[in-house]
$ cat model-v1.cif   # mmCIF, C-alpha atoms
data_target
loop_
_atom_site.label_atom_id
_atom_site.label_comp_id
_atom_site.auth_asym_id
_atom_site.auth_seq_id
_atom_site.Cartn_x
_atom_site.Cartn_y
_atom_site.Cartn_z
CA MET A 1 -16.10 56.58 42.99
CA GLN A 2 -13.26 55.58 45.29
CA ILE A 3 -13.17 52.13 46.93
CA ILE A 4 -11.07 51.82 50.09
CA GLU A 5 -10.46 48.28 51.34
CA ASN A 6 -9.05 47.12 54.63
CA ASP A 7 -7.85 43.52 54.53
CA LYS A 8 -7.37 43.27 58.29
CA ILE A 9 -11.08 43.68 59.04
CA LYS A 10 -12.38 42.60 55.61
CA GLU A 11 -14.40 45.78 55.07
CA LYS A 12 -14.88 48.09 52.07
CA LEU A 13 -15.73 51.78 52.08
CA TYR A 14 -17.17 53.42 48.97
CA VAL A 15 -16.63 57.16 48.73
CA LYS A 16 -18.05 59.54 46.15
CA LYS A 17 -17.63 63.32 46.07
CA LEU A 18 -20.18 65.22 43.99
CA GLU A 19 -19.65 68.36 41.93
CA ASN A 20 -21.52 70.39 44.55
CA GLY A 21 -18.91 69.28 47.15
CA LEU A 22 -21.03 66.77 49.08
CA THR A 23 -19.14 63.66 50.20
CA MET A 24 -21.10 60.39 50.27
CA MET A 25 -19.75 57.32 52.06
CA PHE A 26 -21.19 53.82 52.09
CA MET A 27 -20.13 50.65 53.89
CA PRO A 28 -22.01 47.50 52.81
CA LYS A 29 -23.27 45.04 55.42
CA LYS A 30 -24.71 42.06 53.61
CA ASN A 31 -27.63 40.11 55.04
CA THR A 32 -28.41 42.67 57.74
CA MET A 33 -31.99 43.78 58.26
CA LYS A 34 -31.08 47.16 59.74
CA LYS A 35 -30.09 50.15 57.62
CA PHE A 36 -28.51 53.30 59.04
CA ILE A 37 -27.98 56.75 57.54
CA ILE A 38 -26.47 59.90 58.98
CA TYR A 39 -26.49 63.30 57.26
CA GLY A 40 -24.09 65.73 58.88
CA THR A 41 -22.57 69.17 58.61
CA ASN A 42 -19.17 70.30 59.85
CA TYR A 43 -20.78 72.88 62.10
CA GLY A 44 -20.94 72.80 65.87
CA SER A 45 -21.22 74.95 68.96
CA ILE A 46 -17.67 76.34 68.64
CA ASP A 47 -18.39 77.88 65.21
CA ASN A 48 -19.89 81.12 66.48
CA LYS A 49 -17.58 83.52 64.62
CA PHE A 50 -16.95 83.29 60.88
CA VAL A 51 -16.67 85.12 57.57
CA VAL A 52 -19.57 84.51 55.19
CA PRO A 53 -18.15 82.76 52.06
CA GLY A 54 -17.84 85.11 49.10
CA GLU A 55 -18.09 88.16 51.34
CA ASN A 56 -15.82 90.08 53.67
CA ARG A 57 -18.58 90.18 56.25
CA GLU A 58 -17.47 88.86 59.63
CA VAL A 59 -20.36 87.41 61.61
CA GLU A 60 -20.49 86.66 65.33
CA VAL A 61 -23.59 84.82 66.51
CA PRO A 62 -24.87 84.09 70.02
CA ASN A 63 -23.86 80.88 71.76
CA GLY A 64 -26.25 78.01 71.10
CA VAL A 65 -27.17 78.72 67.45
CA ALA A 66 -25.99 75.35 66.03
CA HIS A 67 -28.17 73.48 68.54
CA TYR A 68 -31.12 75.86 67.99
CA LEU A 69 -30.84 75.29 64.25
CA GLU A 70 -30.84 71.52 64.73
CA HIS A 71 -34.15 71.82 66.62
CA LYS A 72 -35.76 74.12 64.05
CA LEU A 73 -34.96 72.07 60.93
CA PHE A 74 -37.60 69.49 61.85
CA GLU A 75 -40.43 72.03 61.55
CA GLN A 76 -41.85 72.16 58.02
CA GLU A 77 -43.76 74.86 56.16
CA ASN A 78 -46.84 72.58 55.81
CA GLY A 79 -47.14 72.45 59.61
CA THR A 80 -45.72 68.96 60.09
CA ASN A 81 -42.77 67.97 62.23
CA SER A 82 -40.36 65.68 60.39
CA LEU A 83 -39.45 63.77 63.54
CA ASP A 84 -43.14 62.82 63.93
CA VAL A 85 -43.33 61.83 60.26
CA LEU A 86 -40.29 59.57 60.60
CA THR A 87 -41.65 57.99 63.78
CA THR A 88 -44.94 57.25 61.99
CA LEU A 89 -42.92 55.44 59.29
CA GLY A 90 -41.58 53.13 62.00
CA VAL A 91 -37.96 54.31 61.88
CA ASN A 92 -35.80 55.30 64.82
CA ALA A 93 -34.85 58.92 64.04
CA ASN A 94 -32.76 61.44 65.95
CA ALA A 95 -30.40 64.39 65.67
CA TYR A 96 -27.56 65.77 67.76
CA THR A 97 -25.21 68.74 68.01
CA THR A 98 -21.61 68.50 69.23
CA ASN A 99 -18.80 71.01 69.56
CA ASP A 100 -17.71 70.49 65.95
CA HIS A 101 -20.58 68.94 63.97
CA THR A 102 -24.35 68.51 63.72
CA ALA A 103 -26.02 65.35 62.45
CA TYR A 104 -29.45 64.01 61.46
CA LEU A 105 -29.96 60.26 61.35
CA PHE A 106 -32.30 57.33 61.33
CA GLU A 107 -32.18 53.55 61.61
CA ALA A 108 -34.74 51.44 59.75
CA THR A 109 -35.67 47.86 58.96
CA GLU A 110 -38.45 48.92 56.55
CA ASN A 111 -39.71 52.08 54.81
CA PHE A 112 -36.09 53.16 54.30
CA TYR A 113 -36.66 55.12 51.08
CA GLU A 114 -39.82 56.83 52.39
CA ALA A 115 -37.79 57.91 55.44
CA LEU A 116 -34.93 59.00 53.14
CA ASP A 117 -37.40 61.26 51.30
CA GLU A 118 -38.25 62.97 54.58
CA LEU A 119 -34.66 63.24 55.82
CA MET A 120 -33.36 64.77 52.59
CA ASP A 121 -36.36 67.11 52.43
CA TYR A 122 -36.20 68.63 55.89
CA VAL A 123 -32.41 69.03 56.02
CA GLN A 124 -32.41 70.84 52.65
CA HIS A 125 -35.50 73.02 53.19
CA PRO A 126 -35.27 75.23 56.28
CA TYR A 127 -38.40 77.10 57.31
CA PHE A 128 -37.87 79.81 59.90
CA THR A 129 -40.40 82.47 60.88
CA ASP A 130 -40.48 84.97 63.72
CA GLU A 131 -43.28 82.94 65.29
CA ASN A 132 -41.73 79.46 65.13
CA VAL A 133 -38.31 80.75 66.27
CA GLU A 134 -39.96 82.41 69.27
CA LYS A 135 -41.93 79.24 70.09
CA GLU A 136 -38.70 77.19 70.18
CA ARG A 137 -37.10 79.61 72.65
CA GLY A 138 -39.23 78.32 75.50
CA ILE A 139 -38.59 74.67 74.62
CA ILE A 140 -34.80 75.13 74.49
CA GLY A 141 -34.95 77.28 77.63
CA GLN A 142 -36.45 74.30 79.46
CA GLU A 143 -33.72 72.04 78.05
CA ILE A 144 -31.06 74.46 79.34
CA MET A 145 -32.65 74.39 82.81
CA MET A 146 -32.69 70.58 82.70
CA TYR A 147 -28.96 70.46 81.89
CA ASP A 148 -28.24 73.04 84.60
CA ASP A 149 -29.87 70.66 87.09
CA THR A 150 -27.94 67.59 85.85
CA PRO A 151 -24.83 66.94 88.00
CA GLU A 152 -23.14 64.81 85.31
CA TRP A 153 -23.39 67.66 82.78
CA LYS A 154 -22.29 70.35 85.24
CA VAL A 155 -19.20 68.45 86.39
CA TYR A 156 -18.18 67.96 82.74
CA LEU A 157 -18.78 71.57 81.70
CA ASN A 158 -16.92 72.91 84.74
CA THR A 159 -13.95 70.73 83.76
CA LEU A 160 -13.81 72.44 80.37
CA ARG A 161 -14.06 75.86 82.03
CA CYS A 162 -11.12 74.97 84.28
CA MET A 163 -9.02 74.01 81.23
CA TYR A 164 -10.03 76.57 78.58
CA LYS A 165 -10.02 80.35 78.87
CA ASP A 166 -10.94 81.56 75.37
CA ASN A 167 -11.58 78.50 73.20
CA PRO A 168 -15.39 78.24 72.70
CA ILE A 169 -15.17 74.57 73.70
CA ASN A 170 -15.86 75.93 77.20
CA ILE A 171 -19.38 77.11 76.31
CA ASP A 172 -22.55 75.08 76.79
CA ILE A 173 -23.66 73.56 73.46
CA THR A 174 -27.24 74.69 74.16
CA GLY A 175 -26.19 78.24 75.02
CA THR A 176 -27.79 80.10 77.91
CA LYS A 177 -31.22 81.70 78.35
CA GLU A 178 -29.57 85.07 77.69
CA THR A 179 -27.80 84.03 74.47
CA ILE A 180 -30.75 82.17 72.92
CA ALA A 181 -32.90 85.25 73.57
CA GLN A 182 -30.79 86.99 70.88
CA ILE A 183 -31.37 84.36 68.17
CA THR A 184 -33.62 85.44 65.29
CA LYS A 185 -34.73 83.83 62.04
CA GLU A 186 -32.09 85.95 60.27
CA THR A 187 -29.40 84.47 62.55
CA LEU A 188 -30.57 80.97 61.70
CA TYR A 189 -30.69 81.62 57.94
CA ASP A 190 -27.21 83.20 58.04
CA CYS A 191 -25.76 80.10 59.72
CA TYR A 192 -27.78 77.65 57.64
CA ASN A 193 -26.72 79.24 54.33
CA THR A 194 -23.09 79.26 55.44
CA PHE A 195 -22.67 75.85 57.06
CA TYR A 196 -25.36 73.69 55.42
CA HIS A 197 -23.84 73.95 51.96
CA PRO A 198 -23.10 70.50 50.42
CA SER A 199 -19.36 71.25 50.36
CA ASN A 200 -19.43 71.40 54.18
CA MET A 201 -21.55 68.26 54.57
CA ALA A 202 -21.37 64.48 54.31
CA ILE A 203 -23.74 61.52 54.19
CA VAL A 204 -22.87 58.05 55.48
CA VAL A 205 -24.98 54.93 54.83
CA CYS A 206 -24.47 51.45 56.22
CA GLY A 207 -26.59 48.40 55.35
CA ASP A 208 -27.45 45.83 52.70
CA PHE A 209 -27.29 47.99 49.55
CA GLU A 210 -25.28 48.17 46.36
CA ALA A 211 -23.04 51.25 46.25
CA GLU A 212 -24.32 52.61 42.93
CA GLU A 213 -27.92 52.04 43.97
CA ILE A 214 -27.77 53.95 47.26
CA PHE A 215 -25.62 56.78 45.85
CA ASN A 216 -28.08 57.23 42.96
CA GLU A 217 -31.04 57.30 45.36
CA ILE A 218 -29.37 60.04 47.43
CA GLU A 219 -28.42 62.08 44.36
CA LYS A 220 -32.03 61.94 43.07
CA ARG A 221 -33.15 63.65 46.28
CA LEU A 222 -30.54 66.44 46.29
CA ILE A 223 -31.43 70.01 45.36
CA LYS A 224 -30.11 70.67 41.86
CA ASN A 225 -27.99 73.57 40.62
CA VAL A 226 -26.55 74.53 43.99
CA LYS A 227 -23.93 77.23 43.49
CA ASN A 228 -20.36 76.43 44.50
CA GLN A 229 -19.26 78.02 47.74
CA ALA A 230 -15.87 79.28 48.83
CA GLU A 231 -14.26 77.74 51.90
CA ILE A 232 -15.72 78.92 55.19
CA LYS A 233 -13.33 81.00 57.26
CA ARG A 234 -13.89 80.09 60.89
CA ILE A 235 -12.48 82.47 63.48
CA TYR A 236 -11.29 80.97 66.75
CA PRO A 237 -9.51 82.89 69.53
CA LYS A 238 -5.94 81.98 70.36
CA GLU A 239 -6.01 79.72 73.40
CA GLN A 240 -3.36 79.83 76.11
CA LYS A 241 -1.42 76.63 76.72
CA GLU A 242 -1.92 76.85 80.49
CA ILE A 243 -5.06 75.83 82.34
CA VAL A 244 -7.35 78.49 83.84
CA GLN A 245 -7.64 76.99 87.33
CA ASP A 246 -6.96 73.56 88.80
CA TYR A 247 -10.15 73.14 90.85
CA MET A 248 -13.85 73.95 90.68
CA GLU A 249 -16.62 72.78 92.97
CA GLU A 250 -20.41 73.05 93.00
CA LYS A 251 -22.94 71.67 95.42
CA MET A 252 -25.97 69.77 94.09
CA GLU A 253 -28.31 66.96 95.11
CA VAL A 254 -26.00 63.93 94.85
CA SER A 255 -25.59 60.93 97.17
CA ILE A 256 -21.84 60.55 96.49
CA PRO A 257 -19.67 63.37 95.10
CA LEU A 258 -19.09 63.28 91.34
CA PHE A 259 -15.71 64.21 89.94
CA THR A 260 -14.01 64.72 86.60
CA ILE A 261 -10.25 64.94 86.21
CA GLY A 262 -9.28 66.73 83.02
CA ILE A 263 -5.90 67.01 81.33
CA LYS A 264 -5.52 69.73 78.70
CA ASP A 265 -3.63 68.72 75.56
CA ASP A 266 -2.00 70.84 72.86
CA VAL A 267 -2.81 69.41 69.41
CA GLU A 268 -1.76 72.41 67.33
CA GLY A 269 0.20 71.39 64.24
CA LEU A 270 -0.36 67.64 64.58
CA SER A 271 -1.10 65.67 61.41
CA SER A 272 -4.09 63.29 61.18
CA LYS A 273 -1.70 60.31 61.52
CA GLU A 274 -0.12 61.83 64.63
CA MET A 275 -3.57 62.49 66.12
CA ILE A 276 -4.65 58.87 65.62
CA LYS A 277 -1.42 57.59 67.18
CA ARG A 278 -1.91 59.99 70.09
CA HIS A 279 -5.55 58.91 70.56
CA ILE A 280 -4.68 55.19 70.69
CA SER A 281 -1.69 55.84 72.98
CA ILE A 282 -3.87 57.79 75.44
CA GLN A 283 -6.49 55.01 75.49
CA ILE A 284 -3.75 52.49 76.32
CA LEU A 285 -2.24 54.73 78.99
CA LEU A 286 -5.59 55.37 80.68
CA SER A 287 -6.22 51.61 80.89
CA LEU A 288 -2.72 51.01 82.29
CA LEU A 289 -2.93 53.87 84.79
CA ILE A 290 -6.45 53.64 86.22
CA GLY A 291 -8.39 51.09 84.17
CA LYS A 292 -10.25 48.19 85.77
CA SER A 293 -7.23 45.84 85.67
CA SER A 294 -4.72 48.45 86.93
CA LYS A 295 -3.00 48.37 90.33
CA LEU A 296 -4.13 51.92 91.05
CA TYR A 297 -7.81 51.18 90.47
CA ASN A 298 -7.66 48.12 92.72
CA LYS A 299 -5.99 50.18 95.43
CA LEU A 300 -8.61 52.95 95.11
CA TYR A 301 -11.37 50.34 95.26
CA GLU A 302 -9.91 48.61 98.33
CA GLU A 303 -9.57 51.95 100.12
CA ASN A 304 -13.20 52.75 99.22
CA LEU A 305 -12.13 55.78 97.19
CA LEU A 306 -13.87 54.51 94.03
CA GLN A 307 -17.08 52.51 93.86
CA SER A 308 -16.54 51.37 90.27
CA ALA A 309 -14.09 51.78 87.39
CA PRO A 310 -14.02 55.39 86.15
CA ALA A 311 -15.25 56.38 82.69
CA MET A 312 -12.31 57.53 80.56
CA ASP A 313 -12.15 59.34 77.25
CA TYR A 314 -10.02 61.50 74.99
CA GLU A 315 -11.89 64.21 73.09
CA PHE A 316 -10.20 66.07 70.26
CA SER A 317 -10.79 68.10 67.15
CA LYS A 318 -8.59 70.30 64.98
CA ASN A 319 -8.06 72.98 67.64
CA TYR A 320 -8.48 71.26 71.01
CA GLY A 321 -7.79 68.02 72.83
CA TYR A 322 -8.36 66.87 76.40
CA ILE A 323 -8.48 63.75 78.58
CA LEU A 324 -11.44 63.05 80.88
CA ILE A 325 -11.54 60.65 83.85
CA GLN A 326 -14.96 60.59 85.51
CA GLY A 327 -16.28 58.81 88.56
CA GLN A 328 -17.75 59.00 92.07
CA SER A 329 -15.70 59.30 95.23
CA ASN A 330 -15.97 60.64 98.77
CA ASN A 331 -12.46 62.04 98.33
CA PRO A 332 -11.88 63.16 94.70
CA GLN A 333 -8.78 65.15 95.67
CA LYS A 334 -7.13 61.98 96.98
CA VAL A 335 -7.98 60.17 93.72
CA LYS A 336 -6.26 62.95 91.78
CA GLU A 337 -3.18 62.87 94.03
CA MET A 338 -2.84 59.09 93.70
CA LEU A 339 -3.23 59.33 89.92
CA ILE A 340 -0.42 61.91 89.75
CA THR A 341 1.80 59.62 91.84
CA GLU A 342 1.07 56.73 89.47
CA MET A 343 1.79 58.90 86.41
CA GLU A 344 5.17 59.94 87.79
CA LYS A 345 5.99 56.33 88.69
CA PHE A 346 5.24 55.22 85.10
CA LYS A 347 7.41 58.05 83.73
CA ASN A 348 10.34 57.17 86.00
CA GLU A 349 10.18 53.37 85.82
CA GLY A 350 8.81 52.90 82.31
CA ILE A 351 5.87 50.79 81.13
CA ASN A 352 5.90 47.01 81.40
CA GLU A 353 6.03 45.67 77.84
CA GLU A 354 3.83 42.70 78.61
CA ASP A 355 1.12 44.98 80.07
CA PHE A 356 1.41 47.28 77.06
CA ASN A 357 0.91 44.43 74.58
CA ARG A 358 -2.03 43.01 76.55
CA ILE A 359 -3.91 46.33 76.67
CA LYS A 360 -3.09 47.13 73.06
CA LYS A 361 -4.53 43.77 71.91
CA MET A 362 -7.65 44.27 74.04
CA LEU A 363 -8.32 47.75 72.62
CA TYR A 364 -7.64 46.55 69.08
CA ALA A 365 -10.19 43.75 69.55
CA ASP A 366 -12.77 46.26 70.83
CA TYR A 367 -12.15 48.47 67.82
CA VAL A 368 -12.54 45.58 65.36
CA LYS A 369 -15.75 44.47 67.13
CA SER A 370 -17.22 47.96 66.67
CA TYR A 371 -17.48 47.15 62.94
CA ASN A 372 -20.27 44.72 63.80
CA SER A 373 -22.55 47.66 64.65
CA ILE A 374 -23.86 49.68 61.70
CA ASP A 375 -24.68 52.73 63.84
CA ASN A 376 -21.17 52.72 65.36
CA ILE A 377 -19.66 52.43 61.89
CA ALA A 378 -21.66 55.34 60.47
CA THR A 379 -21.27 57.73 63.41
CA ASP A 380 -17.51 57.05 63.63
CA LEU A 381 -17.09 57.57 59.87
CA ILE A 382 -18.80 60.96 59.86
CA MET A 383 -17.18 62.14 63.11
CA ASN A 384 -13.71 61.22 61.86
CA PHE A 385 -14.37 62.66 58.40
CA PHE A 386 -15.03 66.09 59.88
CA LYS A 387 -11.80 65.80 61.89
CA GLY A 388 -9.92 65.07 58.67
CA ILE A 389 -9.32 61.43 59.66
CA SER A 390 -10.10 58.10 57.99
CA SER A 391 -11.59 55.50 60.36
CA PHE A 392 -9.59 52.72 58.66
CA ASP A 393 -6.37 54.49 59.62
CA TYR A 394 -6.93 53.46 63.25
CA ILE A 395 -6.56 49.81 62.22
CA GLU A 396 -3.24 50.55 60.51
CA GLU A 397 -1.86 52.64 63.37
CA PHE A 398 -2.63 49.92 65.92
CA SER A 399 -0.29 47.57 64.05
CA THR A 400 2.62 50.06 63.97
CA LEU A 401 2.23 51.59 67.45
CA SER A 402 5.24 50.86 69.66
CA LEU A 403 5.89 51.02 73.39
CA GLN A 404 8.23 53.95 72.71
CA ASP A 405 5.36 55.84 71.01
CA VAL A 406 3.19 55.39 74.09
CA GLU A 407 5.95 56.39 76.51
CA TYR A 408 6.49 59.56 74.46
CA VAL A 409 2.78 60.47 74.77
CA LEU A 410 2.90 59.73 78.51
CA LYS A 411 5.63 62.33 78.99
CA GLU A 412 4.17 64.78 76.46
CA VAL A 413 0.50 64.78 77.51
CA PHE A 414 0.13 63.43 81.08
CA ASN A 415 1.34 66.62 82.72
CA LYS A 416 0.19 67.43 86.27
CA GLU A 417 0.51 71.15 85.50
CA LYS A 418 -2.22 70.72 82.85
CA MET A 419 -4.50 68.71 85.15
CA VAL A 420 -7.75 70.03 86.64
CA LEU A 421 -10.36 68.64 89.02
CA SER A 422 -14.09 69.43 88.85
CA VAL A 423 -16.31 68.20 91.70
CA ILE A 424 -20.04 68.15 92.35
CA ASN A 425 -20.35 67.80 96.12
CA LYS A 426 -23.31 66.95 98.30
CA LYS A 427 -25.38 69.90 99.47
#
$ encode --input "model-v1.cif" --output "structure tokens"
Amino acid sequence: MQIIENDKIKEKLYVKKLENGLTMMFMPKKNTMKKFIIYGTNYGSIDNKFVVPGENREVEVPNGVAHYLEHKLFEQENGTNSLDVLTTLGVNANAYTTNDHTAYLFEATENFYEALDELMDYVQHPYFTDENVEKERGIIGQEIMMYDDTPEWKVYLNTLRCMYKDNPINIDITGTKETIAQITKETLYDCYNTFYHPSNMAIVVCGDFEAEEIFNEIEKRLIKNVKNQAEIKRIYPKEQKEIVQDYMEEKMEVSIPLFTIGIKDDVEGLSSKEMIKRHISIQILLSLLIGKSSKLYNKLYEENLLQSAPAMDYEFSKNYGYILIQGQSNNPQKVKEMLITEMEKFKNEGINEEDFNRIKKMLYADYVKSYNSIDNIATDLIMNFFKGISSFDYIEEFSTLSLQDVEYVLKEVFNKEKMVLSVINKK
């Protein structure tokens, strides 16, 4: 067992890798009533083309399989639904699928080990039949229609389609009605047997436990004698560095137009340390450029171009990265133009060191505070683990990040030629 300590935030992380390849992580939180566990696999919507480990067989599956599989795992051979069983136990259970991983989780104040029995059982024992796969098709079809009618989802997805030509990041996580119509039980078993092997998975627990105790309890519930598996070969198309188009618009039932500004980033060849430094730098730059305390935001607000501070994020994995700035405006194009002007001004005049230090301290404080939430801790740990990153490394990189580092990222990433605008306008 490995023990990783961070003196700055006074936290310990216990890590144990089993012979079958499963990584278990545990962060103790003494005297807390809540306990949180997340069981994840490094398998998401972008993993639709791969070589089956141990074979030369190249498999290409329809879009939406990872999400479909997440839905189907809850259904058990005895006719029960594991989500219902967990709810009856009084725990708050859920699951989600992203572009690069799938996770099953619950939060509990009591009945933790009974809920752990159920979680470990349903994730390790898939039960797919022609009948239950067909039944799910209608349910997921309705979910797809719901997302299609959601302006916030459409404006986001259209942003990705403006930025990415071939990378499967531009596909809807749920797939489409046409692609899910092609999914069979054999498709699901193929993907389950490939991606739900312990060597491609991790478990994170946070709560008032002893490390040996919780690791032993998890190991007792694991399937024994699982054969070792070769590394999964994932096949991704080569993505162009340029954007596809700089503007996309749809009309839907909205009171004020929604917009998302996206900036496509090139992360190829960056180390985990460089990615963390880039991520923190972009967060600082977004706050300086158009955050609530920025001159640009106040100007946009005074001119009635923004009703409230925009939501800002940087999404990245091993083969993609992009900035998102999302909000509501009666003139999204003007918001984009004013943002470009502010970017160029920062590049030409440099960043005020006092402003840089203020924003850096604020973001650092927010990051430290996130360690007060056991669900934030666990979800960040597993998300970063699948990206090849240690969550504690963020703390270290904050202390070494310089103004020069941030100015480099400003010139490297905030490129108007890589910027797109997606708008949902009023009908």
$ residues_around --input "model-v1.cif" --residues "Asn384 in chain A" --least-positions-apart "2" --cutoff "12 Å" --atoms "all atoms listed in the file" --output "count of residues only"
29
$ resolve_selection --input "model-v1.cif" --expression "the PyMOL selection byres ((chain A and resi 342) around 12)" --output "mmCIF file with C-alpha atoms, in the frame of the given file"
data_model
loop_
_atom_site.group_PDB
_atom_site.id
_atom_site.type_symbol
_atom_site.label_atom_id
_atom_site.label_comp_id
_atom_site.auth_asym_id
_atom_site.auth_seq_id
_atom_site.Cartn_x
_atom_site.Cartn_y
_atom_site.Cartn_z
ATOM 1 C CA LEU A 285 -2.240 54.730 78.990
ATOM 2 C CA LEU A 286 -5.590 55.370 80.680
ATOM 3 C CA LEU A 288 -2.720 51.010 82.290
ATOM 4 C CA LEU A 289 -2.930 53.870 84.790
ATOM 5 C CA ILE A 290 -6.450 53.640 86.220
ATOM 6 C CA SER A 294 -4.720 48.450 86.930
ATOM 7 C CA LYS A 295 -3.000 48.370 90.330
ATOM 8 C CA LEU A 296 -4.130 51.920 91.050
ATOM 9 C CA TYR A 297 -7.810 51.180 90.470
ATOM 10 C CA LYS A 299 -5.990 50.180 95.430
ATOM 11 C CA LEU A 300 -8.610 52.950 95.110
ATOM 12 C CA VAL A 335 -7.980 60.170 93.720
ATOM 13 C CA LYS A 336 -6.260 62.950 91.780
ATOM 14 C CA GLU A 337 -3.180 62.870 94.030
ATOM 15 C CA MET A 338 -2.840 59.090 93.700
ATOM 16 C CA LEU A 339 -3.230 59.330 89.920
ATOM 17 C CA ILE A 340 -0.420 61.910 89.750
ATOM 18 C CA THR A 341 1.800 59.620 91.840
ATOM 19 C CA MET A 343 1.790 58.900 86.410
ATOM 20 C CA GLU A 344 5.170 59.940 87.790
ATOM 21 C CA LYS A 345 5.990 56.330 88.690
ATOM 22 C CA PHE A 346 5.240 55.220 85.100
ATOM 23 C CA LYS A 347 7.410 58.050 83.730
ATOM 24 C CA ASN A 348 10.340 57.170 86.000
ATOM 25 C CA GLU A 349 10.180 53.370 85.820
ATOM 26 C CA GLY A 350 8.810 52.900 82.310
ATOM 27 C CA ILE A 351 5.870 50.790 81.130
ATOM 28 C CA LEU A 410 2.900 59.730 78.510
ATOM 29 C CA PHE A 414 0.130 63.430 81.080
ATOM 30 C CA ASN A 415 1.340 66.620 82.720
ATOM 31 C CA LYS A 416 0.190 67.430 86.270
#
$ atom_distance --input "model-v1.cif" --atom1 "CA of Ser281 in chain A" --atom2 "CA of Gly269 in chain A"
17.9 Å
$ axis_aligned_box --input "model-v1.cif" --around "range 236-240 of chain A" --padding-each-side "4 Å" --output "lines of an AutoDock Vina configuration file"
center_x = -7.3
center_y = 81.3
center_z = 71.4
size_x = 15.9
size_y = 11.2
size_z = 17.4
$ atom_distance --input "model-v1.cif" --atom1 "CA of Leu160 in chain A" --atom2 "CA of Ile284 in chain A"
22.7 Å
$ resolve_selection --input "model-v1.cif" --expression "the PyMOL selection byres ((chain A and resi 175-189) around 7)" --output "mmCIF file with C-alpha atoms, in the frame of the given file"
data_model
loop_
_atom_site.group_PDB
_atom_site.id
_atom_site.type_symbol
_atom_site.label_atom_id
_atom_site.label_comp_id
_atom_site.auth_asym_id
_atom_site.auth_seq_id
_atom_site.Cartn_x
_atom_site.Cartn_y
_atom_site.Cartn_z
ATOM 1 C CA PRO A 62 -24.870 84.090 70.020
ATOM 2 C CA ASN A 63 -23.860 80.880 71.760
ATOM 3 C CA GLY A 64 -26.250 78.010 71.100
ATOM 4 C CA LEU A 69 -30.840 75.290 64.250
ATOM 5 C CA PHE A 128 -37.870 79.810 59.900
ATOM 6 C CA THR A 129 -40.400 82.470 60.880
ATOM 7 C CA ASP A 130 -40.480 84.970 63.720
ATOM 8 C CA VAL A 133 -38.310 80.750 66.270
ATOM 9 C CA ARG A 137 -37.100 79.610 72.650
ATOM 10 C CA GLY A 141 -34.950 77.280 77.630
ATOM 11 C CA ILE A 144 -31.060 74.460 79.340
ATOM 12 C CA ASP A 172 -22.550 75.080 76.790
ATOM 13 C CA ILE A 173 -23.660 73.560 73.460
ATOM 14 C CA THR A 174 -27.240 74.690 74.160
ATOM 15 C CA ASP A 190 -27.210 83.200 58.040
ATOM 16 C CA CYS A 191 -25.760 80.100 59.720
ATOM 17 C CA TYR A 192 -27.780 77.650 57.640
ATOM 18 C CA ASN A 193 -26.720 79.240 54.330
#
$ closest_residue --input "model-v1.cif" --among "A:Val155, A:Ile374, A:Ala311, A:Ile218" --to "Tyr113 in chain A" --atoms "all atoms listed in the file"
A:Ile218
$ closest_residue --input "model-v1.cif" --among "A:Leu363, A:Cys162, A:Pro28, A:His67" --to "Glu143 in chain A" --atoms "all atoms listed in the file"
A:His67
$ resolve_selection --input "model-v1.cif" --expression "the PyMOL selection byres ((chain A and resi 234) around 8)" --output "PDB file with C-alpha atoms, in the frame of the given file"
ATOM      1  CA  ASP A  47     -18.390  77.880  65.210  1.00  0.00           C
ATOM      2  CA  LYS A  49     -17.580  83.520  64.620  1.00  0.00           C
ATOM      3  CA  PHE A  50     -16.950  83.290  60.880  1.00  0.00           C
ATOM      4  CA  VAL A  51     -16.670  85.120  57.570  1.00  0.00           C
ATOM      5  CA  ILE A 232     -15.720  78.920  55.190  1.00  0.00           C
ATOM      6  CA  LYS A 233     -13.330  81.000  57.260  1.00  0.00           C
ATOM      7  CA  ILE A 235     -12.480  82.470  63.480  1.00  0.00           C
ATOM      8  CA  TYR A 236     -11.290  80.970  66.750  1.00  0.00           C
TER       9      TYR A 236
END
